[in-house]
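Asks: Before I ask anything, let me first share the structure, which is written out below as structure tokens.
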Amino acid sequence: MNLSPLPAIMLEPLLRAALLEDLGRAGDLTTDAIVPKDLRTTTVLSARQPGVVAGLDLAMLAFHLIDQNVEMAVHRPDGSTVAQGEIIASVSGPARAILTAERTALNFLCHLSGIATATASVVAAVCGHGAKIVCTRKTTPGLRAVEKYAVRAGGGSNHRFGLDDAILIKDNHIAIAGGIRPAIERARSSVGHLVKVEVEVDTLAQLEEALDLGPDAVLLDNMSVDELRQAVATIAGRAITEASGRITAAIAPAVAATGIDLISIGWLTHSAPILDIGLDYREP
């Protein structure tokens, strides 16, 4: 998998804030008391359970912000599937820096690898169908860009990055606007021709009304598999189709088999468990 590297200008503020949170006012009291200042060591990042790797750039930056002399040799890059016990990377350099940055590096690496692993499980479940697995805006505040990166590392795709990407008319917009028609008409009249308009519908009757107004995409929310099948047939290629609402890896294949274009899943970023990765000392 060819993933574009995350820009350092975006990552550095995240890592600096996380390291400052850990170091506090006095730094790493334990490491500074026990480990000689000039000691160098080699450690390995190893997978303690199978999964998909994501977040090595963040881990490396955590070490570098403490000491530029830390070096990382990557054996399994982001997007790679790893087995339990497999070495992901070797980390060598000043021992104090490695130990001080260890938890911050692992917090990001385990979290993002967990998202990538969860995404990969759903992507595998719908293999053979045309549906793409996409994430949502249900992300950890401040971590959206890196969490969406992890979704891509797991083989998924990204939905909107923010409210300024496109128009997505949801149920509250419709209720406040007084209906689907005024909501879509106002949206169309207020944006340029390059801005996509998607509308959320809960019923087949709402779908019929929305289609008459020509949205670019339709979000079919919390519909049964039978309803999704009917909706896809009704839309018949006139708009991009997206299914959402408590979709798990177990039911994703049935949803994908309806012919839906996109399956959006919020739990990939807000509830995916971490992938257990450890930093282990290797004796010379």
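Quick note on naming: the chains in the structure tokens go A, B, ... in the order shown, residues restart at 1 in each chain, and ligands are numbered from 1 in order of appearance.
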Listing only residues of range 72-180 of chain A within 9 Å of range 235-255 of chain A, what is the closest atom pair and its distance in Å (to one decimal) for each, using only C-alpha atoms, sorted by chain and residue number ascending, as CSV?

Replies:
residue,atom,partner,partner_atom,distance
A:Ala118,CA,A:Ala249,CA,8.9
A:Ser121,CA,A:Ala249,CA,6.7
A:Val122,CA,A:Ala249,CA,4.8
A:Val123,CA,A:Ala249,CA,8.3
A:Ala124,CA,A:Ala249,CA,8.7
A:Ala125,CA,A:Pro253,CA,5.9
A:Val126,CA,A:Pro253,CA,4.9
A:Cys127,CA,A:Pro253,CA,8.1
A:His129,CA,A:Pro253,CA,8.0
A:Ala131,CA,A:Val255,CA,8.8

Asks: With N, CA, C and O atoms retained, write the just-selected residues as a PDB file, in the first residue's frame.

Replies:
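To be explicit, this is the file written out as out.pdb:
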ATOM      1  N   ALA A 118      -9.238  -2.254  12.658  1.00  0.00           N
ATOM      2  CA  ALA A 118     -10.700  -2.328  12.606  1.00  0.00           C
ATOM      3  C   ALA A 118     -11.206  -2.076  11.191  1.00  0.00           C
ATOM      4  O   ALA A 118     -12.109  -2.766  10.699  1.00  0.00           O
ATOM      5  N   SER A 121     -10.697  -5.027   8.908  1.00  0.00           N
ATOM      6  CA  SER A 121     -11.624  -6.134   9.136  1.00  0.00           C
ATOM      7  C   SER A 121     -12.930  -5.945   8.369  1.00  0.00           C
ATOM      8  O   SER A 121     -13.494  -6.898   7.835  1.00  0.00           O
ATOM      9  N   VAL A 122     -13.398  -4.689   8.283  1.00  0.00           N
ATOM     10  CA  VAL A 122     -14.636  -4.427   7.553  1.00  0.00           C
ATOM     11  C   VAL A 122     -14.386  -4.431   6.054  1.00  0.00           C
ATOM     12  O   VAL A 122     -15.209  -4.923   5.268  1.00  0.00           O
ATOM     13  N   VAL A 123     -13.248  -3.897   5.634  1.00  0.00           N
ATOM     14  CA  VAL A 123     -12.892  -3.928   4.217  1.00  0.00           C
ATOM     15  C   VAL A 123     -12.830  -5.365   3.716  1.00  0.00           C
ATOM     16  O   VAL A 123     -13.328  -5.696   2.632  1.00  0.00           O
ATOM     17  N   ALA A 124     -12.235  -6.239   4.515  1.00  0.00           N
ATOM     18  CA  ALA A 124     -12.157  -7.655   4.138  1.00  0.00           C
ATOM     19  C   ALA A 124     -13.540  -8.290   4.076  1.00  0.00           C
ATOM     20  O   ALA A 124     -13.811  -9.141   3.220  1.00  0.00           O
ATOM     21  N   ALA A 125     -14.421  -7.860   4.974  1.00  0.00           N
ATOM     22  CA  ALA A 125     -15.759  -8.438   5.026  1.00  0.00           C
ATOM     23  C   ALA A 125     -16.574  -8.140   3.770  1.00  0.00           C
ATOM     24  O   ALA A 125     -17.441  -8.930   3.388  1.00  0.00           O
ATOM     25  N   VAL A 126     -16.324  -6.987   3.128  1.00  0.00           N
ATOM     26  CA  VAL A 126     -17.102  -6.613   1.938  1.00  0.00           C
ATOM     27  C   VAL A 126     -16.342  -6.882   0.648  1.00  0.00           C
ATOM     28  O   VAL A 126     -16.782  -6.471  -0.432  1.00  0.00           O
ATOM     29  N   CYS A 127     -15.221  -7.568   0.732  1.00  0.00           N
ATOM     30  CA  CYS A 127     -14.429  -7.875  -0.458  1.00  0.00           C
ATOM     31  C   CYS A 127     -15.291  -8.633  -1.473  1.00  0.00           C
ATOM     32  O   CYS A 127     -16.019  -9.558  -1.119  1.00  0.00           O
ATOM     33  N   HIS A 129     -17.537  -7.055  -3.319  1.00  0.00           N
ATOM     34  CA  HIS A 129     -18.617  -6.118  -3.624  1.00  0.00           C
ATOM     35  C   HIS A 129     -17.992  -4.769  -4.002  1.00  0.00           C
ATOM     36  O   HIS A 129     -16.810  -4.532  -3.783  1.00  0.00           O
ATOM     37  N   ALA A 131     -18.741  -1.817  -2.731  1.00  0.00           N
ATOM     38  CA  ALA A 131     -18.869  -0.789  -1.695  1.00  0.00           C
ATOM     39  C   ALA A 131     -17.514  -0.416  -1.096  1.00  0.00           C
ATOM     40  O   ALA A 131     -16.678  -1.277  -0.829  1.00  0.00           O
TER      41      ALA A 131
END

Asks: Excluding range 166-181 of chain A and any residue of its chain fewer than 3 positions from it, enumerate the residues within 7 Å of it, using only C-alpha atoms, and give them as a short mmCIF file (atom, residue, chain, number, x, y, z; two decimals) with N, CA and C atoms, in the first residue's frame.

Replies:
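The resulting file, out-v6.cif, is reproduced below:
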data_model
loop_
_atom_site.label_atom_id
_atom_site.label_comp_id
_atom_site.auth_asym_id
_atom_site.auth_seq_id
_atom_site.Cartn_x
_atom_site.Cartn_y
_atom_site.Cartn_z
N LEU A 163 -16.78 20.42 8.13
CA LEU A 163 -18.04 21.00 7.67
C LEU A 163 -17.87 21.80 6.39
N ILE A 184 -32.83 21.43 0.50
CA ILE A 184 -31.98 21.23 -0.68
C ILE A 184 -31.95 22.49 -1.55
N GLU A 185 -33.10 23.13 -1.73
CA GLU A 185 -33.14 24.33 -2.57
C GLU A 185 -32.28 25.45 -1.99
N VAL A 195 -19.40 22.45 -5.24
CA VAL A 195 -19.72 21.90 -3.92
C VAL A 195 -20.80 20.83 -4.06
N LYS A 196 -20.49 19.63 -3.57
CA LYS A 196 -21.44 18.52 -3.62
C LYS A 196 -22.51 18.69 -2.56
N VAL A 197 -23.71 18.18 -2.87
CA VAL A 197 -24.83 18.21 -1.93
C VAL A 197 -25.32 16.79 -1.69
N GLU A 198 -25.27 16.39 -0.41
CA GLU A 198 -25.78 15.08 -0.01
C GLU A 198 -26.92 15.30 0.98
N VAL A 199 -27.94 14.44 0.91
CA VAL A 199 -29.08 14.57 1.81
C VAL A 199 -29.32 13.23 2.50
N GLU A 200 -29.62 13.30 3.79
CA GLU A 200 -29.92 12.10 4.57
C GLU A 200 -31.41 11.83 4.55
N ALA A 210 -36.50 13.40 -2.25
CA ALA A 210 -35.16 13.94 -2.42
C ALA A 210 -34.66 13.78 -3.85
#

Asks: Can you measure CA of Pro13 in chain A to CA of Thr139 in chain A for me? One decimal in Å is fine.

Replies: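 Value for the CA of Pro13 in chain A-CA of Thr139 in chain A distance: 17.8 Å.
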
Asks: Would you list the contacts of range 75-84 of chain A as a ChimeraX atom specification, taking every protein, DNA or RNA residue within 9 Å and counting only C-alpha atoms, but skipping same-chain residues closer than 5 positions in sequence?

Replies: /A:1-3,46-57,89-90,113,116-117,150,152-155

Asks: Set the distance at 6 Å and use only C-alpha atoms: which residues neighbour range 63-67 of chain A once local chain neighbours fewer than 2 positions away are removed? I'd like the list as a list in words.

Replies: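 Neighbouring residues, sequence-local ones excluded: Met60, Leu61, Asn69, Ala97 and Ala101 of chain A.
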
Asks: With a distance cut-off of 10 Å and only C-alpha atoms, select the neighbouring residues of Arg229 in chain A, excluding the residue or stretch itself and same-chain residues fewer than 3 positions from it, and output the selection as a list in words.

Replies: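 Result of the neighbour search: Met223, Ser224, Val225, Asp226, Val232, Ala233, Thr234, Ala254, Val255, Ala256, Ala257, Thr258, Gly259 and Ile260 of chain A.
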
Asks: Restricting the calculation to only C-alpha atoms, which member of A:Ala8, A:Ala62, A:Leu14, A:Leu99 is positioned closest to Tyr281 in chain A?

Replies: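 Counting only C-alpha atoms, the residue closest to Tyr281 in chain A is A:Leu99.
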
Asks: Based on DSSP run over this structure's backbone, return all residues of range 26-265 of chain A in strand (DSSP E or B), as number ranges by chain.

Replies: A: 40-47, 51-52, 71-74, 81-82, 87-94, 132-134, 157, 167-169, 197-201, 217-221, 240-244, 262-264

Asks: Which residue is closest to Thr41 in chain A? Choose from A:Gly266, A:Gly278, A:Pro94, A:Gly214 and count only C-alpha atoms.

Replies: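 Among the listed residues, the smallest separation from Thr41 in chain A belongs to A:Pro94.
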
Asks: CA of Asp276 in chain A to CA of Ile34 in chain A: how many Å, to one decimal?

Replies: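 About the pair CA of Asp276 in chain A and CA of Ile34 in chain A: they are 26.6 Å apart.
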
Asks: Any idea what the distance is between CA of Leu109 in chain A and CA of Ala59 in chain A?

Replies: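 Straight-line distance from CA of Leu109 in chain A to CA of Ala59 in chain A works out to 6.2 Å.
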
Asks: Have a look at A:Ala187, A:Ala205, A:Val218, A:Val151 and name the one nearest to Gly114 in chain A; count only C-alpha atoms.

Replies: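 Closest to Gly114 in chain A of all the choices is A:Val151.
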